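So this block is coords.tsv, TSV, C-alpha atoms:
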chain	number	residue	atom	x	y	z
A	1	MET	CA	-3.62	-9.95	32.17
A	2	GLU	CA	-2.13	-13.30	33.18
A	3	ALA	CA	1.41	-14.30	32.26
A	4	ASP	CA	0.22	-17.14	30.02
A	5	GLU	CA	-2.01	-14.72	28.06
A	6	LYS	CA	0.93	-12.37	27.54
A	7	GLN	CA	3.05	-15.27	26.36
A	8	ARG	CA	0.37	-16.28	23.87
A	9	ILE	CA	0.39	-12.75	22.45
A	10	VAL	CA	4.17	-12.85	22.08
A	11	ASP	CA	4.02	-16.30	20.47
A	12	VAL	CA	1.50	-15.09	17.88
A	13	LEU	CA	3.51	-11.96	17.08
A	14	CYS	CA	6.62	-14.11	16.60
A	15	GLU	CA	4.94	-16.46	14.14
A	16	GLU	CA	6.69	-16.50	10.76
A	17	ARG	CA	3.77	-14.83	8.98
A	18	PHE	CA	3.60	-11.98	11.50
A	19	VAL	CA	7.27	-11.38	12.32
A	20	ASP	CA	7.54	-8.47	9.85
A	21	ARG	CA	4.02	-7.10	10.40
A	22	SER	CA	2.87	-4.32	12.71
A	23	PRO	CA	0.53	-5.11	15.63
A	24	ALA	CA	-2.25	-3.26	13.78
A	25	GLU	CA	-1.91	-5.59	10.79
A	26	VAL	CA	-1.82	-8.62	13.08
A	27	VAL	CA	-5.02	-7.56	14.88
A	28	HIS	CA	-6.96	-7.04	11.64
A	29	THR	CA	-5.61	-10.22	10.02
A	30	LEU	CA	-6.77	-12.24	13.03
A	31	LEU	CA	-10.16	-10.54	12.93
A	32	ASP	CA	-10.52	-11.54	9.27
A	33	GLU	CA	-9.77	-15.12	10.36
A	34	GLY	CA	-12.43	-14.98	13.08
A	35	THR	CA	-10.10	-14.56	16.06
A	36	TYR	CA	-9.82	-11.75	18.59
A	37	LEU	CA	-6.59	-12.03	20.57
A	38	CYS	CA	-6.35	-8.59	22.17
A	39	ALA	CA	-6.31	-4.89	21.30
A	40	GLU	CA	-3.50	-3.34	19.27
A	41	ARG	CA	-2.47	-1.22	22.28
A	42	THR	CA	-2.22	-4.36	24.42
A	43	MET	CA	0.17	-5.90	21.90
A	44	TYR	CA	2.40	-2.83	22.07
A	45	ARG	CA	2.29	-2.86	25.86
A	46	VAL	CA	3.28	-6.54	26.05
A	47	LEU	CA	6.07	-6.00	23.50
A	48	ALA	CA	7.33	-2.96	25.41
A	49	GLU	CA	7.55	-4.99	28.60
A	50	ARG	CA	9.89	-7.38	26.77
A	51	GLY	CA	11.92	-4.74	24.96
A	52	GLY	CA	10.37	-5.47	21.59
A	53	VAL	CA	9.29	-1.97	20.56
A	54	LYS	CA	11.77	0.28	18.77
A	55	GLU	CA	12.28	2.12	15.48
A	56	ARG	CA	13.75	-0.25	12.92
A	57	ARG	CA	15.61	2.32	10.91
A	58	ASP	CA	17.01	5.80	11.30
A	59	GLN	CA	14.86	8.41	9.62
A	60	ARG	CA	15.03	12.14	9.23
A	61	SER	CA	12.00	14.17	10.13
A	62	HIS	CA	10.72	16.49	7.41
A	63	PRO	CA	8.40	19.48	7.72
A	64	LYS	CA	4.85	18.93	6.54
A	65	HIS	CA	3.58	20.87	3.54
A	66	ALA	CA	0.07	21.47	2.30
A	67	ARG	CA	-0.79	19.14	-0.55
A	68	PRO	CA	-3.52	19.23	-3.20
A	69	GLU	CA	-6.53	17.10	-2.34
A	70	LEU	CA	-8.06	14.64	-4.78
A	71	VAL	CA	-11.36	13.05	-3.78
A	72	ALA	CA	-12.30	9.59	-5.01
A	73	THR	CA	-15.77	8.27	-4.17
A	74	GLY	CA	-15.18	4.83	-5.67
A	75	PRO	CA	-12.71	2.68	-7.61
A	76	ASN	CA	-11.40	4.00	-10.93
A	77	ALA	CA	-12.33	7.60	-10.17
A	78	VAL	CA	-8.76	8.81	-9.50
A	79	TRP	CA	-5.48	7.09	-10.31
A	80	SER	CA	-2.08	8.26	-9.17
A	81	TRP	CA	1.05	7.24	-11.04
A	82	ASP	CA	4.79	7.67	-10.80
A	83	ILE	CA	8.14	6.16	-11.77
A	84	THR	CA	10.88	5.11	-9.37
A	85	LYS	CA	14.44	3.93	-9.94
A	86	LEU	CA	15.52	0.41	-9.02
A	87	ARG	CA	19.21	-0.12	-8.35
A	88	THR	CA	21.07	-2.85	-10.21
A	89	THR	CA	24.28	-4.74	-9.51
A	90	VAL	CA	26.01	-2.56	-12.13
A	91	LYS	CA	27.22	0.76	-10.71
A	92	TRP	CA	25.32	3.83	-12.01
A	93	SER	CA	22.87	1.59	-13.84
A	94	TYR	CA	19.16	1.60	-12.99
A	95	LEU	CA	15.88	0.01	-13.94
A	96	TYR	CA	12.65	2.00	-13.88
A	97	LEU	CA	9.43	0.88	-12.21
A	98	TYR	CA	6.17	2.47	-13.47
A	99	VAL	CA	3.15	2.06	-11.15
A	100	LEU	CA	-0.51	3.09	-11.57
A	101	LEU	CA	-2.37	3.22	-8.24
A	102	ASP	CA	-6.13	3.51	-7.69
A	103	LEU	CA	-6.58	6.25	-5.08
A	104	TYR	CA	-9.82	4.97	-3.56
A	105	SER	CA	-8.65	1.41	-2.88
A	106	ARG	CA	-4.83	1.72	-3.15
A	107	TYR	CA	-5.08	-1.13	-5.67
A	108	VAL	CA	-2.24	-1.29	-8.21
A	109	VAL	CA	-4.10	-1.23	-11.53
A	110	GLY	CA	-0.98	-1.41	-13.68
A	111	TRP	CA	2.80	-1.65	-13.41
A	112	MET	CA	5.84	-2.18	-15.57
A	113	VAL	CA	9.63	-2.48	-15.19
A	114	ALA	CA	11.71	-1.07	-18.03
A	115	GLN	CA	15.31	-0.18	-18.81
A	116	LYS	CA	14.56	3.49	-19.38
A	117	GLU	CA	12.18	6.26	-18.39
A	118	SER	CA	10.18	7.45	-21.36
A	119	ALA	CA	6.85	8.98	-22.30
A	120	ALA	CA	6.28	6.27	-24.93
A	121	LEU	CA	6.46	3.48	-22.35
A	122	ALA	CA	4.23	5.38	-19.93
A	123	LYS	CA	1.74	5.97	-22.74
A	124	THR	CA	1.59	2.23	-23.49
A	125	LEU	CA	1.10	1.27	-19.84
A	126	ILE	CA	-1.65	3.82	-19.25
A	127	GLU	CA	-3.46	2.96	-22.48
A	128	GLU	CA	-3.39	-0.77	-21.68
A	129	SER	CA	-4.50	-0.22	-18.07
A	130	VAL	CA	-7.42	2.00	-19.10
A	131	ALA	CA	-8.57	-0.69	-21.53
A	132	LYS	CA	-8.04	-3.52	-19.00
A	133	HIS	CA	-10.21	-1.85	-16.37
A	134	ALA	CA	-12.86	-0.69	-18.87
A	135	ILE	CA	-12.54	3.01	-18.03
A	136	GLU	CA	-15.30	5.07	-19.63
A	137	PRO	CA	-14.77	8.56	-21.13
A	138	ARG	CA	-14.74	11.34	-18.50
A	139	GLN	CA	-14.68	8.75	-15.70
A	140	LEU	CA	-11.05	9.00	-14.60
A	141	VAL	CA	-8.70	11.64	-13.20
A	142	LEU	CA	-5.01	10.74	-13.57
A	143	HIS	CA	-2.66	12.47	-11.11
A	144	SER	CA	1.14	12.67	-11.24
A	145	ASP	CA	4.07	14.92	-10.53
A	146	ARG	CA	5.66	17.08	-13.23
A	147	GLY	CA	8.35	14.71	-14.46
A	148	ALA	CA	9.25	14.73	-18.14
A	149	PRO	CA	7.15	11.67	-19.10
A	150	MET	CA	4.16	13.05	-17.18
A	151	THR	CA	4.16	16.41	-18.98
A	152	SER	CA	5.04	15.11	-22.44
A	153	LYS	CA	2.93	16.03	-25.45
A	154	ALA	CA	2.50	12.35	-26.35
A	155	LEU	CA	0.92	11.56	-23.01
A	156	ALA	CA	-1.23	14.70	-23.06
A	157	GLN	CA	-2.56	13.68	-26.46
A	158	LEU	CA	-3.31	10.16	-25.25
A	159	LEU	CA	-5.27	11.42	-22.26
A	160	ALA	CA	-7.21	13.77	-24.51
A	161	ASP	CA	-8.04	10.89	-26.85
A	162	LEU	CA	-9.15	8.70	-23.93
A	163	ASP	CA	-11.07	11.60	-22.36
A	164	VAL	CA	-9.12	11.17	-19.11
A	165	THR	CA	-8.61	14.29	-16.97
A	166	ARG	CA	-4.97	15.05	-16.16
A	167	SER	CA	-3.97	16.35	-12.70
A	168	LEU	CA	-0.43	17.56	-11.96
A	169	SER	CA	1.44	18.43	-8.79
A	170	ARG	CA	2.29	22.06	-8.08
A	171	PRO	CA	5.50	23.32	-9.73
A	172	HIS	CA	8.66	22.75	-7.71
A	173	THR	CA	6.79	20.71	-5.10
A	174	SER	CA	8.17	17.21	-4.87
A	175	ASN	CA	5.67	15.77	-2.36
A	176	ASP	CA	2.37	16.57	-4.06
A	177	ASN	CA	1.97	12.94	-5.12
A	178	PRO	CA	1.89	11.29	-1.69
A	179	PHE	CA	-0.06	8.15	-2.58
A	180	SER	CA	2.47	6.89	-5.11
A	181	GLU	CA	5.39	7.93	-2.90
A	182	SER	CA	3.89	6.03	0.02
A	183	GLN	CA	3.43	2.96	-2.13
A	184	PHE	CA	7.05	3.12	-3.28
A	185	LYS	CA	8.17	3.32	0.36
A	186	THR	CA	6.15	0.21	1.20
A	187	LEU	CA	7.72	-1.51	-1.78
A	188	LYS	CA	11.33	-0.66	-0.93
A	189	TYR	CA	10.98	-1.45	2.77
A	190	HIS	CA	9.30	-4.81	2.15
A	191	PRO	CA	11.39	-7.70	3.59
A	192	SER	CA	11.60	-9.36	0.17
A	193	TYR	CA	13.05	-6.29	-1.57
A	194	PRO	CA	16.62	-7.24	-2.60
A	195	GLY	CA	18.00	-3.71	-2.86
A	196	LYS	CA	19.64	-4.45	-6.21
A	197	PHE	CA	18.61	-6.49	-9.24
A	198	ALA	CA	20.96	-8.43	-11.49
A	199	THR	CA	18.74	-8.40	-14.58
A	200	LEU	CA	15.51	-6.96	-15.94
A	201	ASP	CA	13.88	-10.39	-15.71
A	202	ASP	CA	14.82	-10.63	-12.01
A	203	ALA	CA	13.12	-7.30	-11.33
A	204	ARG	CA	9.99	-8.30	-13.23
A	205	GLN	CA	9.78	-11.64	-11.43
A	206	TRP	CA	10.11	-9.91	-8.06
A	207	GLY	CA	7.48	-7.37	-9.12
A	208	ARG	CA	4.95	-10.09	-9.95
A	209	GLN	CA	5.31	-11.56	-6.46
A	210	PHE	CA	5.32	-8.20	-4.68
A	211	PHE	CA	2.25	-6.73	-6.40
A	212	GLU	CA	0.33	-9.97	-5.91
A	213	TRP	CA	1.06	-9.64	-2.19
A	214	TYR	CA	0.38	-5.89	-2.13
A	215	ASN	CA	-3.02	-6.13	-3.81
A	216	ASN	CA	-4.31	-9.28	-2.16
A	217	GLU	CA	-2.57	-9.68	1.22
A	218	HIS	CA	-1.26	-6.32	2.43
A	219	LYS	CA	-3.42	-4.81	5.20
A	220	HIS	CA	-3.29	-1.13	4.23
A	221	SER	CA	-3.50	1.40	7.07
A	222	GLY	CA	-5.14	3.97	4.78
A	223	ILE	CA	-8.18	1.78	4.09
A	224	ALA	CA	-9.04	0.41	7.56
A	225	PHE	CA	-6.42	-2.33	7.31
A	226	LEU	CA	-8.28	-4.03	4.49
A	227	THR	CA	-6.45	-5.28	1.43
A	228	PRO	CA	-6.60	-3.13	-1.73
A	229	ALA	CA	-8.34	-5.94	-3.65
A	230	VAL	CA	-11.14	-6.18	-1.06
A	231	VAL	CA	-11.87	-2.45	-1.42
A	232	TYR	CA	-11.37	-2.29	-5.21
A	233	TYR	CA	-13.78	-5.15	-5.87
A	234	GLY	CA	-16.46	-3.90	-3.45
A	235	ARG	CA	-16.09	-6.42	-0.62
A	236	ALA	CA	-15.18	-3.89	2.09
A	237	ASP	CA	-18.58	-3.71	3.81
A	238	GLU	CA	-18.77	-7.49	4.10
A	239	ALA	CA	-15.26	-7.69	5.57
A	240	LEU	CA	-15.94	-4.92	8.08
A	241	ARG	CA	-19.22	-6.52	9.18
A	242	HIS	CA	-17.37	-9.79	9.77
A	243	ARG	CA	-14.74	-8.04	11.89
A	244	HIS	CA	-17.44	-6.30	13.90
A	245	ASP	CA	-19.20	-9.61	14.59
A	246	VAL	CA	-15.93	-11.06	15.87
A	247	LEU	CA	-15.41	-8.07	18.16
A	248	LEU	CA	-18.97	-8.27	19.49
A	249	ALA	CA	-18.47	-11.94	20.29
A	250	ALA	CA	-15.26	-11.09	22.14
A	251	TYR	CA	-17.10	-8.34	24.02
A	252	ALA	CA	-19.85	-10.72	25.08
A	253	GLU	CA	-17.26	-13.14	26.45
A	254	HIS	CA	-14.99	-10.61	28.21
A	255	LYS	CA	-16.84	-7.34	28.81
A	256	GLU	CA	-14.25	-6.32	31.42
A	257	ARG	CA	-11.68	-5.94	28.64
A	258	PHE	CA	-13.72	-3.24	26.92
A	259	PRO	CA	-13.89	-0.36	29.45
A	260	HIS	CA	-15.53	1.99	26.93
A	261	GLY	CA	-18.42	-0.31	26.14
A	262	PRO	CA	-19.22	-2.39	23.04
A	263	PRO	CA	-16.73	-1.98	20.17
A	264	LYS	CA	-17.82	0.14	17.24
How does the structure come out when it is put into structure tokens?
Amino acid sequence: MEADEKQRIVDVLCEERFVDRSPAEVVHTLLDEGTYLCAERTMYRVLAERGGVKERRDQRSHPKHARPELVATGPNAVWSWDITKLRTTVKWSYLYLYVLLDLYSRYVVGWMVAQKESAALAKTLIEESVAKHAIEPRQLVLHSDRGAPMTSKALAQLLADLDVTRSLSRPHTSNDNPFSESQFKTLKYHPSYPGKFATLDDARQWGRQFFEWYNNEHKHSGIAFLTPAVVYYGRADEALRHRHDVLLAAYAEHKERFPHGPPK
């Protein structure tokens, strides 16, 4: 690869819209725009040559544990939900973020920021989200851990009334709800996350912007680097066909760059 081609790769990766994105996200975003720059591995190799590849944060490694498996064959078959604390500028004071996540598409189907963690608030959010997305009886499985709001009688009664199947993590197993936990990690490591919120309104305003980005712009590694909205609303096949056409055009122009044959 020529020096000017390597410099072009670096210039693209340093663009403002890509500076906080992984090479994988950059590759798939460019494919969606009709451009093939180079392979993801090539980006890493060029960055490594210039000292641009390193772990951004210190992390502990944790042993892997077997987790229950929930299978979703389409949108609104399985939702995962959880609550996470948001720090405020007042010491020992927190806000609580409730998030409902569609397992198949990773689309956030409902969220809420409140000043407390309660079964009544969770009940309202779930009831409104089920109505908003026109969930039919016996259509949905709702998965969560075994926190107090999740195992409350009020919520159990609501799910029974809605004919929604409840799924709970194993007792004393904190990582049996990996989809929601992963989403919370994405949320709290996002460059726009302030770390602390001054008011409830500030947190809600930030949430509106973040979830708009997450659903409609975030290239999710768990769904072929498509956005959750593309998968949720059934546009995935079209998007993947478009990417494949772009790759085939790149192959036709530079076959020497594809040693394993046409891209699949």
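In this structure, CA of Val109 in chain A sits 21.7 Å away from CA of Ser152 in chain A.
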*In Å, how far is it from CA of Trp81 in chain A to CA of Leu142 in chain A?*
7.4 Å
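Atom pair CA of Leu13 in chain A / CA of Met43 in chain A: separated by 8.4 Å.
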Using all atoms listed in the file, tabulate the residues of range 91-129 of chain A lying at most 9 Å from any atom of range 156-171 of chain A, each with its closest atom pair and that distance in Å to one decimal, by chain and increasing residue number, as CSV.
residue,atom,partner,partner_atom,distance
A:Lys123,CA,A:Leu158,CA,7.0
A:Ile126,CA,A:Leu158,CA,8.9
A:Glu127,CA,A:Leu158,CA,7.7
Name all residues at most 9 Å from Cys38 in chain A (count all atoms listed in the file; drop same-chain ones fewer than 4 positions away) and give them as a PDB file with C-alpha atoms, in the coordinates of the input.
ATOM      1  CA  ILE A   9       0.390 -12.750  22.450  1.00  0.00           C
ATOM      2  CA  VAL A  27      -5.020  -7.560  14.880  1.00  0.00           C
ATOM      3  CA  THR A  42      -2.220  -4.360  24.420  1.00  0.00           C
ATOM      4  CA  MET A  43       0.170  -5.900  21.900  1.00  0.00           C
ATOM      5  CA  ARG A 257     -11.680  -5.940  28.640  1.00  0.00           C
TER       6      ARG A 257
END
*Rank nothing, just name the residue among A:Leu125, A:Leu31, A:Ala72, A:Leu187 nearest to Arg243 in chain A, using only C-alpha atoms.*
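That would be A:Leu31, the residue with the smallest distance to Arg243 in chain A.
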Centre and edge lengths of an axis-aligned box around all listed atoms of range 248-264 of chain A, with 5 Å added on each side, are to be given in Å to one decimal, as lines of an AutoDock Vina configuration file.
center_x = -15.8
center_y = -5.6
center_z = 24.3
size_x = 18.2
size_y = 25.1
size_z = 24.2
*Of the candidates A:Asp20, A:Asp176, A:Asp82, A:Asp102, which shows the shortest atom-to-atom distance to His218 in chain A, using all atoms listed in the file?*
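Among A:Asp20, A:Asp176, A:Asp82, A:Asp102, it is A:Asp20 that comes nearest to His218 in chain A.
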_Given the point (9.6, -9.9, -5.9) in the file's coordinates, find the residues that have an atom at most 10 Å from it, counting all atoms listed in the file, and give them as an MDAnalysis selection string._
chainID A and resid 187 190:194 202:213
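Of the listed residues A:Trp92, A:Thr35, A:Glu5, A:Glu128, the one whose atoms come nearest to Trp111 in chain A is A:Glu128, with distances taken using only C-alpha atoms.
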*Which neighbours of His254 in chain A fall inside 12 Å, counting only C-alpha atoms, when residues of the same chain fewer than 6 positions from it are skipped, and could you give them as a ChimeraX atom specification?*
/A:36-38,247-248,261-263
*Could you name the residues that touch Ala120 in chain A at 9 Å or less, counting only C-alpha atoms, but leaving out those on the same chain fewer than 5 positions away, as a ChimeraX atom specification?*
/A:125,149,154-155
*Considering only C-alpha atoms, state which residue in the set A:Glu16, A:Ala122, A:Val10, A:Asp237 is at the smallest distance from Arg50 in chain A.*
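Looking at the shortest contact to Arg50 in chain A, the residue is A:Val10.
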*A:Ser180, A:Asn76, A:Thr199, A:Gln115 ranked by distance to Val99 in chain A, top pick (using only C-alpha atoms)*: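 Nearest to Val99 in chain A: A:Ser180.
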*Gly34 in chain A: which residues within 12 Å, counting all atoms listed in the file, same-chain residues fewer than 6 positions away excluded, as number ranges by chain?*
A: 27-28, 239-250
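Between Leu200 in chain A and the candidates A:Lys116, A:His260, A:Arg60, A:Arg146, the tightest atom-to-atom separation, counting only C-alpha atoms, involves A:Lys116.
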